[in-house]
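Shown below: target.cif, with mmCIF, C-alpha atoms.
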data_final
#
loop_
_atom_site.label_atom_id
_atom_site.label_comp_id
_atom_site.auth_asym_id
_atom_site.auth_seq_id
_atom_site.Cartn_x
_atom_site.Cartn_y
_atom_site.Cartn_z
CA MET A 22 119.37 154.56 -36.44
CA ALA A 23 121.48 155.22 -33.41
CA ARG A 24 123.95 157.11 -35.51
CA LEU A 25 125.51 159.17 -32.74
CA GLU A 26 125.76 156.43 -30.17
CA GLY A 27 128.62 154.05 -29.71
CA GLY A 28 131.43 156.46 -30.48
CA ILE A 29 131.44 157.27 -34.17
CA GLY A 30 132.54 160.73 -33.04
CA ASP A 31 136.26 159.94 -33.32
CA LEU A 32 135.80 158.67 -36.86
CA ALA A 33 133.51 161.56 -37.80
CA LYS A 34 136.26 164.04 -36.87
CA ASP A 35 138.21 162.89 -39.91
CA PHE A 36 135.30 163.87 -42.16
CA VAL A 37 133.48 167.06 -42.96
CA CYS A 38 130.03 166.08 -41.68
CA VAL A 39 126.84 167.50 -43.10
CA ARG A 40 123.27 166.68 -42.34
CA VAL A 41 121.01 166.84 -45.43
CA ILE A 42 117.34 167.15 -44.57
CA GLN A 43 115.70 167.01 -47.98
CA MET A 44 116.41 166.43 -51.67
CA ARG A 45 115.68 169.82 -53.23
CA GLY A 46 118.78 170.91 -55.11
CA ILE A 47 120.57 167.59 -54.64
CA ASP A 48 122.29 166.35 -57.80
CA THR A 49 121.02 162.79 -58.28
CA SER A 50 123.72 162.09 -60.84
CA VAL A 51 126.13 162.11 -57.87
CA PHE A 52 123.97 161.24 -54.87
CA GLN A 53 122.54 157.91 -55.96
CA PHE A 54 121.35 155.66 -53.17
CA ASP A 55 118.24 153.77 -52.20
CA TYR A 56 115.82 156.66 -51.80
CA ASP A 57 113.41 154.58 -49.70
CA LEU A 58 115.82 154.54 -46.77
CA THR A 59 114.96 156.40 -43.58
CA TRP A 60 118.65 157.27 -43.19
CA CYS A 61 121.64 157.09 -45.52
CA GLY A 62 125.32 157.86 -45.04
CA PHE A 63 127.12 158.99 -48.20
CA PHE A 64 130.89 159.37 -48.39
CA LEU A 65 132.65 161.34 -51.10
CA ASN A 66 135.59 163.47 -52.07
CA ALA A 67 135.25 167.23 -52.54
CA ASP A 68 135.64 166.63 -56.29
CA LEU A 69 132.42 164.53 -56.10
CA THR A 70 134.17 161.17 -56.50
CA VAL A 71 132.07 158.75 -54.47
CA TYR A 72 133.80 156.59 -51.84
CA GLY A 73 130.70 154.71 -50.77
CA ARG A 74 127.34 154.69 -49.08
CA TYR A 75 125.88 153.18 -45.95
CA GLY A 76 122.29 152.20 -45.23
CA SER A 77 120.10 149.30 -46.29
CA ARG A 78 116.48 148.46 -45.74
CA ASN A 79 114.25 145.51 -46.47
CA ALA A 80 111.15 146.03 -44.38
CA GLY A 81 108.48 148.51 -43.40
CA ARG A 82 108.52 151.43 -41.03
CA ASP A 83 108.74 149.50 -37.74
CA LYS A 84 111.77 147.53 -38.91
CA SER A 85 113.34 150.18 -41.10
CA ASP A 86 116.74 150.07 -39.39
CA GLN A 87 117.11 146.36 -38.73
CA LEU A 88 119.92 146.11 -41.28
CA MET A 89 121.83 149.06 -39.84
CA SER A 90 124.08 149.26 -36.80
CA VAL A 91 126.61 151.61 -35.28
CA ASP A 92 129.29 148.98 -35.83
CA GLY A 93 128.28 148.71 -39.48
CA LEU A 94 128.50 152.47 -39.91
CA LYS A 95 131.90 152.53 -38.18
CA ALA A 96 133.17 149.82 -40.52
CA ALA A 97 131.95 151.77 -43.55
CA LEU A 98 133.44 155.05 -42.29
CA THR A 99 136.78 153.34 -41.66
CA LYS A 100 136.86 151.88 -45.17
CA ALA A 101 135.80 155.18 -46.74
CA LEU A 102 138.59 156.94 -44.87
CA ALA A 103 141.11 154.41 -46.19
CA LEU A 104 139.89 155.10 -49.73
CA HIS A 105 140.37 158.83 -49.16
CA LYS A 106 143.92 158.27 -47.93
CA ASN A 107 144.74 156.40 -51.15
CA TYR A 108 143.08 159.01 -53.32
CA PRO A 109 143.69 159.96 -56.15
CA ALA A 110 145.84 156.87 -56.89
CA ASN A 111 142.67 154.75 -56.69
CA LYS A 112 140.43 157.15 -58.61
CA ALA A 113 139.90 154.78 -61.57
CA THR A 114 138.61 152.01 -59.30
CA LEU A 115 135.95 154.34 -57.89
CA LYS A 116 134.39 155.26 -61.22
CA ALA A 117 131.56 152.68 -60.99
CA LYS A 118 130.51 154.10 -57.62
CA THR A 119 128.71 156.77 -59.60
CA GLY A 120 125.81 155.51 -61.71
CA LYS A 121 124.35 156.69 -64.98
CA PRO A 122 122.47 159.97 -64.55
CA TYR A 123 118.68 159.97 -64.57
CA ALA A 124 116.83 162.01 -67.20
CA GLN A 125 116.72 164.98 -64.81
CA LYS A 126 119.43 165.59 -62.24
CA LEU A 127 117.51 167.72 -59.74
CA PRO A 128 114.40 166.19 -58.18
CA GLU A 129 112.46 169.45 -58.41
CA THR A 130 112.87 169.37 -62.22
CA MET A 131 111.47 165.85 -62.63
CA PRO A 132 108.23 166.45 -64.56
CA ALA A 133 106.03 164.15 -62.47
CA ILE A 134 106.77 166.01 -59.23
CA ALA A 135 107.81 169.46 -60.46
CA ASP A 136 104.34 170.94 -59.92
CA GLN A 137 103.99 169.35 -56.51
CA PHE A 138 107.24 170.90 -55.31
CA LYS A 139 107.44 174.12 -57.28
CA GLN A 140 106.91 176.32 -54.23
CA ASP A 141 109.90 176.80 -52.02
CA ASP A 142 107.73 176.60 -48.94
CA LEU A 143 109.77 174.63 -46.43
CA PRO A 144 109.11 172.42 -44.60
CA LYS A 145 105.70 171.71 -46.17
CA LYS A 146 107.24 171.34 -49.59
CA CYS A 147 110.26 169.30 -48.58
CA ILE A 148 111.22 166.80 -51.23
CA HIS A 149 111.76 163.62 -49.28
CA CYS A 150 114.17 160.98 -50.49
CA HIS A 151 111.38 158.60 -51.54
CA HIS A 152 109.87 161.34 -53.73
CA VAL A 153 112.90 160.91 -56.00
CA TRP A 154 111.76 157.41 -56.96
CA ARG A 155 108.34 158.89 -57.67
CA GLY A 156 109.92 161.61 -59.78
CA ILE A 157 111.89 159.11 -61.84
CA ARG A 158 109.27 156.39 -62.23
CA ARG A 159 106.07 158.41 -62.50
CA THR A 160 107.73 160.61 -65.11
CA MET A 161 108.45 157.50 -67.18
CA MET A 162 105.00 156.01 -66.61
CA ASN A 163 103.27 159.25 -67.58
CA ALA A 164 105.37 159.27 -70.76
CA LYS A 165 103.91 155.80 -71.57
CA GLN A 166 107.19 154.04 -70.94
CA VAL A 167 107.49 150.57 -69.48
CA LEU A 168 109.49 150.49 -66.26
CA PRO A 169 112.61 148.31 -66.52
CA ASP A 170 113.26 145.64 -63.90
CA THR A 171 115.95 147.86 -62.38
CA LEU A 172 113.36 150.51 -61.53
CA ILE A 173 110.93 148.01 -60.04
CA TYR A 174 113.18 145.59 -58.14
CA LEU A 175 115.24 148.36 -56.58
CA TYR A 176 118.59 147.84 -54.90
CA PRO A 177 118.72 144.01 -54.79
CA PHE A 178 120.47 142.32 -51.91
CA PRO A 179 123.31 139.84 -52.45
CA ASP A 180 120.94 137.38 -50.76
CA SER A 181 119.31 137.22 -54.19
CA PHE A 182 122.23 135.11 -55.39
CA GLY A 183 122.85 133.35 -52.09
CA MET A 184 125.31 135.65 -50.25
CA GLN A 185 124.02 136.89 -46.89
CA MET A 186 126.02 139.60 -45.13
CA GLU A 187 126.69 140.56 -41.49
CA THR A 188 124.84 143.57 -40.04
CA ALA A 189 127.88 144.61 -37.98
CA ASP A 190 129.96 144.85 -41.19
CA GLY A 191 128.07 144.56 -44.44
CA THR A 192 131.22 143.52 -46.31
CA LYS A 193 131.53 140.27 -44.32
CA VAL A 194 129.71 137.15 -45.48
CA ARG A 195 127.53 135.65 -42.73
CA GLN A 196 126.18 132.71 -44.67
CA VAL A 197 126.16 131.23 -48.16
CA VAL A 198 123.07 129.38 -49.39
CA LYS A 199 123.91 125.87 -50.55
CA ASP A 200 123.92 125.40 -54.33
CA SER A 201 123.30 129.12 -54.91
CA ILE A 202 125.19 131.26 -57.43
CA ALA A 203 127.43 132.50 -54.60
CA ASP A 204 128.09 128.94 -53.46
CA LYS A 205 129.01 127.88 -56.98
CA ALA A 206 131.35 130.87 -57.18
CA GLY A 207 133.19 129.59 -54.10
CA VAL A 208 132.15 132.29 -51.62
CA LYS A 209 132.46 131.11 -48.00
CA ALA A 210 130.98 132.33 -44.73
CA GLY A 211 133.54 134.61 -43.07
CA ASP A 212 134.86 136.00 -46.35
CA GLU A 213 135.33 139.77 -46.43
CA VAL A 214 134.25 141.25 -49.74
CA GLU A 215 136.84 143.86 -50.67
CA ALA A 216 135.76 144.62 -54.23
CA VAL A 217 133.06 143.70 -56.72
CA SER A 218 133.80 144.07 -60.42
CA GLY A 219 136.95 145.96 -59.47
CA THR A 220 135.10 148.49 -57.32
CA PRO A 221 136.11 148.70 -53.65
CA ILE A 222 133.26 148.00 -51.24
CA VAL A 223 132.63 149.75 -47.91
CA SER A 224 129.19 148.39 -47.00
CA LEU A 225 126.25 146.21 -47.92
CA ALA A 226 124.74 149.29 -49.59
CA ASP A 227 127.76 149.44 -51.90
CA ILE A 228 127.17 145.83 -52.99
CA GLN A 229 123.51 146.68 -53.56
CA PHE A 230 124.55 149.65 -55.69
CA ILE A 231 126.67 147.40 -57.91
CA LEU A 232 123.76 144.95 -58.25
CA GLN A 233 121.33 147.78 -58.99
CA ASN A 234 123.48 148.82 -61.93
CA CYS A 235 124.76 145.52 -63.31
CA ALA A 236 123.28 143.35 -66.07
CA ASP A 237 121.02 140.42 -65.17
CA ASN A 238 123.56 137.97 -66.60
CA GLU A 239 126.74 139.71 -65.44
CA ASN A 240 129.77 137.71 -64.39
CA LEU A 241 130.60 139.50 -61.16
CA LYS A 242 134.22 139.44 -60.09
CA VAL A 243 134.16 139.19 -56.31
CA GLU A 244 137.46 139.88 -54.56
CA VAL A 245 137.49 138.50 -51.04
CA ALA A 246 139.92 138.29 -48.14
CA ARG A 247 139.92 134.88 -46.45
CA GLY A 248 142.27 133.92 -43.64
CA GLY A 249 144.92 136.41 -44.68
CA GLU A 250 144.73 135.47 -48.36
CA LYS A 251 143.11 137.29 -51.26
CA LYS A 252 140.88 135.30 -53.57
CA SER A 253 139.26 136.31 -56.84
CA LEU A 254 135.91 134.60 -57.43
CA THR A 255 133.34 134.87 -60.19
CA ALA A 256 129.61 134.88 -59.53
CA ASN A 257 127.81 134.15 -62.79
CA LEU A 258 124.48 135.89 -62.35
CA CYS A 259 121.67 134.17 -64.18
CA GLY A 260 117.95 133.49 -63.95
CA ASP A 261 115.51 135.63 -62.00
CA TRP A 262 117.82 136.58 -59.14
CA ARG A 263 116.82 140.26 -59.36
CA LYS A 264 113.12 139.46 -59.17
CA SER A 265 113.46 137.75 -55.80
CA THR A 266 113.82 141.22 -54.26
CA ASP A 267 110.70 142.28 -52.37
CA PHE A 268 109.82 145.92 -52.83
CA THR A 269 106.27 146.07 -51.52
CA TRP A 270 107.38 147.57 -48.16
CA ARG A 271 108.64 150.71 -49.92
CA ASP A 272 106.94 154.09 -49.48
CA SER A 273 107.59 154.73 -53.16
CA CYS A 274 105.62 151.59 -54.02
CA TYR A 275 102.44 153.63 -53.52
CA ASP A 276 102.94 154.96 -57.01
CA LEU A 277 103.05 151.51 -58.60
CA ARG A 278 99.76 150.52 -56.99
CA ILE A 279 96.37 151.42 -58.38
CA GLY A 280 94.70 152.08 -55.08
CA PHE A 281 95.02 149.04 -52.91
CA GLN A 282 97.46 146.61 -51.39
CA SER A 283 96.99 142.90 -51.90
CA GLU A 284 97.96 139.70 -50.17
CA ALA A 285 98.43 136.06 -51.07
CA LEU A 286 95.44 133.76 -50.99
CA THR A 287 95.00 130.92 -48.55
CA ALA A 288 94.46 127.47 -49.99
CA ASP A 289 90.75 127.70 -49.13
CA GLU A 290 90.34 131.10 -50.77
CA ARG A 291 92.07 129.84 -53.88
CA LYS A 292 89.80 126.81 -54.02
CA GLN A 293 86.65 128.90 -53.55
CA ALA A 294 87.76 131.22 -56.36
CA GLY A 295 88.34 128.23 -58.65
CA LEU A 296 92.06 128.93 -59.02
CA LYS A 297 94.83 126.35 -59.27
CA ASP A 298 97.50 128.92 -58.54
CA GLY A 299 98.00 132.67 -58.37
CA GLY A 300 95.34 135.20 -57.45
CA LEU A 301 95.49 137.94 -54.82
CA LYS A 302 93.09 139.38 -52.26
CA ILE A 303 92.63 143.14 -51.96
CA LYS A 304 93.65 144.27 -48.49
CA PRO A 305 93.49 147.08 -47.68
CA MET A 306 91.72 149.38 -50.14
CA TYR A 307 92.94 152.98 -50.10
CA ALA A 308 90.28 155.65 -49.57
CA GLN A 309 89.72 158.04 -52.48
CA SER A 310 91.76 155.81 -54.79
CA PRO A 311 91.16 155.19 -58.51
CA ALA A 312 90.42 151.53 -57.76
CA LYS A 313 87.84 152.44 -55.12
CA LYS A 314 86.15 154.79 -57.56
CA ALA A 315 86.12 151.96 -60.12
CA GLY A 316 84.21 149.76 -57.66
CA PHE A 317 86.87 147.51 -56.17
CA GLN A 318 86.28 146.46 -52.58
CA ASP A 319 88.28 145.16 -49.64
CA GLY A 320 88.40 141.37 -49.85
CA ASP A 321 87.86 141.10 -53.60
CA ILE A 322 89.91 138.28 -55.11
CA LEU A 323 91.70 139.31 -58.28
CA LEU A 324 91.68 136.61 -60.97
CA SER A 325 92.99 138.31 -64.10
CA VAL A 326 93.81 141.68 -65.64
CA GLY A 327 93.78 142.40 -69.36
CA GLY A 328 93.56 138.66 -70.02
CA GLN A 329 96.67 137.94 -67.94
CA PRO A 330 96.28 135.71 -64.87
CA ILE A 331 97.03 137.44 -61.57
CA PRO A 332 100.28 136.10 -60.11
CA ALA A 333 100.61 134.82 -56.54
CA THR A 334 102.59 137.72 -55.06
CA GLU A 335 101.92 141.44 -54.95
CA ARG A 336 105.37 142.23 -56.29
CA GLU A 337 104.74 140.13 -59.40
CA PHE A 338 101.32 141.74 -59.79
CA LEU A 339 102.74 145.27 -59.64
CA ALA A 340 105.49 144.36 -62.07
CA LEU A 341 102.83 142.91 -64.41
CA LEU A 342 100.80 146.13 -64.23
CA ARG A 343 103.76 148.39 -64.93
CA GLN A 344 105.51 146.22 -67.53
CA LYS A 345 102.59 144.85 -69.58
CA PHE A 346 100.28 147.86 -69.57
CA LEU A 347 100.64 151.61 -69.96
CA VAL A 348 99.18 154.53 -68.06
CA GLY A 349 95.75 155.45 -69.43
CA GLN A 350 95.12 151.98 -70.84
CA LYS A 351 91.64 150.60 -70.11
CA LEU A 352 92.04 147.44 -68.08
CA LYS A 353 89.43 144.79 -67.54
CA PHE A 354 89.78 142.92 -64.23
CA ALA A 355 88.08 139.61 -63.50
CA LEU A 356 87.47 139.11 -59.82
CA HIS A 357 85.71 136.92 -57.32
CA ARG A 358 83.42 138.58 -54.79
CA GLY A 359 81.05 136.93 -52.35
CA GLY A 360 81.11 133.62 -54.18
CA LYS A 361 80.48 135.11 -57.64
CA LYS A 362 82.68 136.14 -60.52
CA THR A 363 82.41 139.68 -61.78
CA ASP A 364 84.29 142.14 -63.98
CA LEU A 365 85.45 145.70 -63.36
CA THR A 366 87.09 148.12 -65.74
CA MET A 367 89.40 151.02 -64.96
CA ASP A 368 92.00 153.17 -66.66
CA LEU A 369 95.50 152.41 -65.41
CA PRO A 370 96.54 155.42 -63.30
CA MET B 14 137.00 182.09 -24.16
CA ASN B 15 136.66 184.05 -27.39
CA SER B 16 133.31 185.28 -28.66
CA SER B 17 132.87 182.60 -31.34
CA ARG B 18 133.57 179.89 -28.77
CA VAL B 19 131.03 181.45 -26.41
CA PHE B 20 128.49 181.58 -29.24
CA ALA B 21 129.08 177.92 -30.10
CA VAL B 22 128.67 176.80 -26.50
CA VAL B 23 125.54 178.91 -25.96
CA SER B 24 124.06 177.70 -29.26
CA ALA B 25 124.69 174.10 -28.31
CA ALA B 26 123.12 174.64 -24.89
CA VAL B 27 120.05 176.28 -26.42
CA LEU B 28 119.67 173.53 -28.99
CA LEU B 29 120.04 170.83 -26.39
CA SER B 30 117.51 172.48 -24.09
CA MET B 31 115.10 172.75 -27.04
CA ALA B 32 115.65 169.13 -27.88
CA LEU B 33 115.21 167.92 -24.33
CA SER B 34 112.23 170.12 -23.48
CA PRO B 35 108.82 168.45 -23.09
CA THR B 36 107.21 167.79 -26.43
CA ASN B 37 103.56 167.61 -27.38
CA ALA B 38 101.83 164.53 -26.05
CA GLY B 39 101.33 163.28 -29.61
CA ASP B 40 104.99 163.46 -30.59
CA PRO B 41 106.43 160.00 -31.26
CA ALA B 42 109.55 159.08 -29.30
CA SER B 43 111.50 158.87 -32.55
CA GLU B 44 110.88 162.54 -33.28
CA LYS B 45 112.24 163.49 -29.88
CA LYS B 46 115.28 161.32 -30.47
CA ASP B 47 115.78 163.01 -33.83
CA LYS B 48 115.70 166.43 -32.17
CA VAL B 49 118.35 165.30 -29.69
CA ASN B 50 120.47 163.98 -32.55
CA ASP B 51 120.01 167.26 -34.43
CA ALA B 52 121.28 169.17 -31.43
CA VAL B 53 124.20 166.87 -30.77
CA GLU B 54 125.24 166.91 -34.43
CA LEU B 55 125.17 170.69 -34.60
CA ALA B 56 127.06 171.02 -31.33
CA ALA B 57 129.68 168.61 -32.69
CA GLY B 58 130.31 170.85 -35.67
CA TRP B 59 128.11 169.23 -38.27
CA LEU B 60 126.96 171.46 -41.08
CA TYR B 61 123.22 171.66 -41.39
CA ASP B 62 121.70 171.16 -44.83
CA ASP B 63 124.50 172.98 -46.63
CA LEU B 64 126.29 170.72 -49.10
CA PRO B 65 128.11 173.57 -50.88
CA ALA B 66 129.65 174.59 -47.55
CA ALA B 67 130.64 170.97 -46.89
CA LEU B 68 132.32 170.73 -50.29
CA ALA B 69 134.21 173.97 -49.72
CA ARG B 70 135.37 172.90 -46.26
CA ALA B 71 136.39 169.45 -47.50
CA ARG B 72 138.41 171.03 -50.28
CA LYS B 73 140.12 173.40 -47.86
CA GLU B 74 140.87 170.77 -45.19
CA ASN B 75 141.50 167.86 -47.60
CA LYS B 76 138.94 165.73 -45.78
CA PRO B 77 136.31 163.41 -47.16
CA ILE B 78 132.64 164.32 -46.75
CA PHE B 79 130.19 162.32 -44.68
CA ALA B 80 126.71 163.39 -45.77
CA ALA B 81 123.87 161.99 -43.69
CA PHE B 82 120.56 162.03 -45.54
CA ARG B 83 117.37 161.65 -43.57
#
Structure rendered as structure tokens:
Amino acid sequence: MARLEGGIGDLAKDFVCVRVIQMRGIDTSVFQFDYDLTWCGFFLNADLTVYGRYGSRNAGRDKSDQLMSVDGLKAALTKALALHKNYPANKATLKAKTGKPYAQKLPETMPAIADQFKQDDLPKKCIHCHHVWRGIRRTMMNAKQVLPDTLIYLYPFPDSFGMQMETADGTKVRQVVKDSIADKAGVKAGDEVEAVSGTPIVSLADIQFILQNCADNENLKVEVARGGEKKSLTANLCGDWRKSTDFTWRDSCYDLRIGFQSEALTADERKQAGLKDGGLKIKPMYAQSPAKKAGFQDGDILLSVGGQPIPATEREFLALLRQKFLVGQKLKFALHRGGKKTDLTMDLP
Amino acid sequence: MNSSRVFAVVSAAVLLSMALSPTNAGDPASEKKDKVNDAVELAAGWLYDDLPAALARARKENKPIFAAFR
């Protein structure tokens, strides 16, 4: 992220700027953002009212900043500054910019990672942003709780209901997918999204935050500016829009896996394994992992787990593992290896 | 130039020279860029890993806070 290039300096002068290098001591009831980002800008008032956030990511390490730009950051800073100038008159509209608190506010007190980070031995014991997702989710999993969709399909994009945004200003609609929920709501390319559900928007990340926290069937009020006019539209969310969000690129996804990554089968592989649909191939296997110890190998084709057929994508498979089964449960896997079917059993880590 | 101004300029120079000095052969380019950004941010008056200080300054100057997490 070329955050200091391109002249954000003039805008930054109107803010008190602080660089935060790790999450120890950070109150996650205030600082809620996508913790798998490599960089996040967070804008707030001194009374902890949140103005907005900047930073979005949808791919692995080598493309981690493809959704970010200096222009996008400038646009977000400008909008955040405008919100500050209208503050506190607009305070009520900013309420939904702060989400519900997690069970523990401070990352270092989250039971699943508290031991790992109990020593204040910087920098070796830095709590990275992505550790927060581990703290939240692993704590729930260890407590034999099923992860909700909102903690698996993290920070959905508006693409999930057909609204694709510009990188240079994440509040501007680049394209609307024909016949999508956004299309049916009347959103048009070129629209500038000013508010969603009454909450002013400064960036794509702000829209993602609203989607992260809304119901699956919410009727989203989308306020847009179009050709000098204001329009109020309603996007009726329905179906599996949230589940279209890929999360398998995330560092925090390591904790959902059982010791390997997996990829979709080719048509030939599916045929050889005797599958009509679904199934995944292990690639790669992690060294020293629970799955490796249980006997899984690179290239194994997964057919079923606990009597449930293996779906066709890794994200569906991980959701299946974490929503149908509990940590410690003995799981029987059917798999296809070297032309033969075989079974393996392991406890869900 | 008063003493605090001298200190700020010298600090910035030291930080920049640290950031621009040759790094280990194994250091990725991104790490070097981060060091440069660290130095430039500090020289430009950014607070370093001190949210309470940012909150106090924002309250005093009636400015919003821009917290960059990385």
field: Output of the PyMOL selection byres ((chain A and resi 159) around 9), listed as a count of residues only
entry: 15
- request: Give me the residues within 12 Å of A:Gln53 as a count of residues only, counting only C-alpha atoms and dropping any in the same chain fewer than 6 places off.
  value: 34
task: Provide as a PyMOL selection string the residues of chain B at most 9 Å from chain A, counting all atoms listed in the file.
output: chain B and resi 50-51+53-55+57-64+66-72+74-83
Using only C-alpha atoms, please write the residues we just selected to a file, as a compact mmCIF listing (two decimals), in the coordinates of the input.
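Okay, this is what ended up in result-v8.txt:
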# COMPACT_ATOMS: atom_id res chain seq x y z
CA ASN B 50 120.47 163.98 -32.55
CA ASP B 51 120.01 167.26 -34.43
CA VAL B 53 124.20 166.87 -30.77
CA GLU B 54 125.24 166.91 -34.43
CA LEU B 55 125.17 170.69 -34.60
CA ALA B 57 129.68 168.61 -32.69
CA GLY B 58 130.31 170.85 -35.67
CA TRP B 59 128.11 169.23 -38.27
CA LEU B 60 126.96 171.46 -41.08
CA TYR B 61 123.22 171.66 -41.39
CA ASP B 62 121.70 171.16 -44.83
CA ASP B 63 124.50 172.98 -46.63
CA LEU B 64 126.29 170.72 -49.10
CA ALA B 66 129.65 174.59 -47.55
CA ALA B 67 130.64 170.97 -46.89
CA LEU B 68 132.32 170.73 -50.29
CA ALA B 69 134.21 173.97 -49.72
CA ARG B 70 135.37 172.90 -46.26
CA ALA B 71 136.39 169.45 -47.50
CA ARG B 72 138.41 171.03 -50.28
CA GLU B 74 140.87 170.77 -45.19
CA ASN B 75 141.50 167.86 -47.60
CA LYS B 76 138.94 165.73 -45.78
CA PRO B 77 136.31 163.41 -47.16
CA ILE B 78 132.64 164.32 -46.75
CA PHE B 79 130.19 162.32 -44.68
CA ALA B 80 126.71 163.39 -45.77
CA ALA B 81 123.87 161.99 -43.69
CA PHE B 82 120.56 162.03 -45.54
CA ARG B 83 117.37 161.65 -43.57
task: Just say which residues the PyMOL selection byres ((chain A and resi 242) around 7) picks in this file, as a ChimeraX atom specification.
output: /A:217-218,240-241,243-244,253-256
- request: For A:Lys199, work out the shell of residues within 10 Å, counting all atoms listed in the file and skipping chain neighbours fewer than 6 positions away, then give it as a VMD selection string.
  value: chain A and resid 183 to 184 205
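Across the structure, atom CA of A:Gly211 and atom CA of A:Lys193 are spaced 6.1 Å apart.
Coordinates place atom CA of A:Gly320 at a distance of 15.9 Å from atom CA of A:Leu296.
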For stretch 218-231 of chain A, I'd like the enclosing box, axis-aligned and padded by 5 Å on every side, reported as JSON with centre and edge lengths in Å to one decimal.
{"center_x": 130.2, "center_y": 146.9, "center_z": -53.7, "size_x": 23.4, "size_y": 15.7, "size_z": 23.4}
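Using all atoms listed in the file, the protein and nucleic acid residues lying at most 8 Å from the point (96.8, 135.6, -55.9) are A:Glu284, A:Ala285, A:Leu286, A:Arg291, A:Asp298, A:Gly299, A:Gly300, A:Leu301, A:Lys302, A:Ile322, A:Leu323, A:Leu324, A:Ile331, A:Pro332, A:Ala333, A:Thr334, A:Glu335.
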I need the chosen residues saved as a compact mmCIF listing (two decimals), in the frame of the given file, with C-alpha atoms.
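The result, stored in part_11.txt:
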# COMPACT_ATOMS: atom_id res chain seq x y z
CA GLU A 284 97.96 139.70 -50.17
CA ALA A 285 98.43 136.06 -51.07
CA LEU A 286 95.44 133.76 -50.99
CA ARG A 291 92.07 129.84 -53.88
CA ASP A 298 97.50 128.92 -58.54
CA GLY A 299 98.00 132.67 -58.37
CA GLY A 300 95.34 135.20 -57.45
CA LEU A 301 95.49 137.94 -54.82
CA LYS A 302 93.09 139.38 -52.26
CA ILE A 322 89.91 138.28 -55.11
CA LEU A 323 91.70 139.31 -58.28
CA LEU A 324 91.68 136.61 -60.97
CA ILE A 331 97.03 137.44 -61.57
CA PRO A 332 100.28 136.10 -60.11
CA ALA A 333 100.61 134.82 -56.54
CA THR A 334 102.59 137.72 -55.06
CA GLU A 335 101.92 141.44 -54.95
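Separating atom CA of A:Lys116 from atom CA of A:Val51 is a distance of 11.2 Å.
Here the PyMOL selection byres ((chain A and resi 360) around 12) catches exactly these residues: Glu290, Arg291, Lys292, Gln293, Ala294, Gly295, Gly320, Asp321, Ile322, Leu356, His357, Arg358, Gly359, Lys361, Lys362 and Thr363 of chain A.
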field: Neighbour list for A:Ala210 as a list in words, cut-off 12 Å, all atoms listed in the file, skip fewer than 3 positions in-chain
entry: Gly183, Met184, Gln185, Met186, Glu187, Thr192, Lys193, Val194, Arg195, Gln196, Val197, Val198, Lys199, Ala203, Asp204, Gly207, Glu213, Val214, Val245, Ala246, Arg247 and Gly248 of chain A
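With only the atoms specified (only C-alpha atoms) counting, those residues at most 7 Å away from (124.6, 139.5, -65.4) are Cys235, Ala236, Asp237, Asn238, Glu239, Asn240, Asn257, Leu258 and Cys259 of chain A.
Look at A:Arg263: the protein and nucleic acid residues within 7 Å of it, using only C-alpha atoms and passing over chain neighbours fewer than 4 places away, are Tyr174, Pro177 and Ser181 of chain A.
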field: Close residues, A:Pro311 itself excluded, 10 Å, all atoms listed in the file, min 3 positions apart in chain, as a VMD selection string
entry: chain A and resid 278 to 281 307 to 308 314 to 317 367 to 370
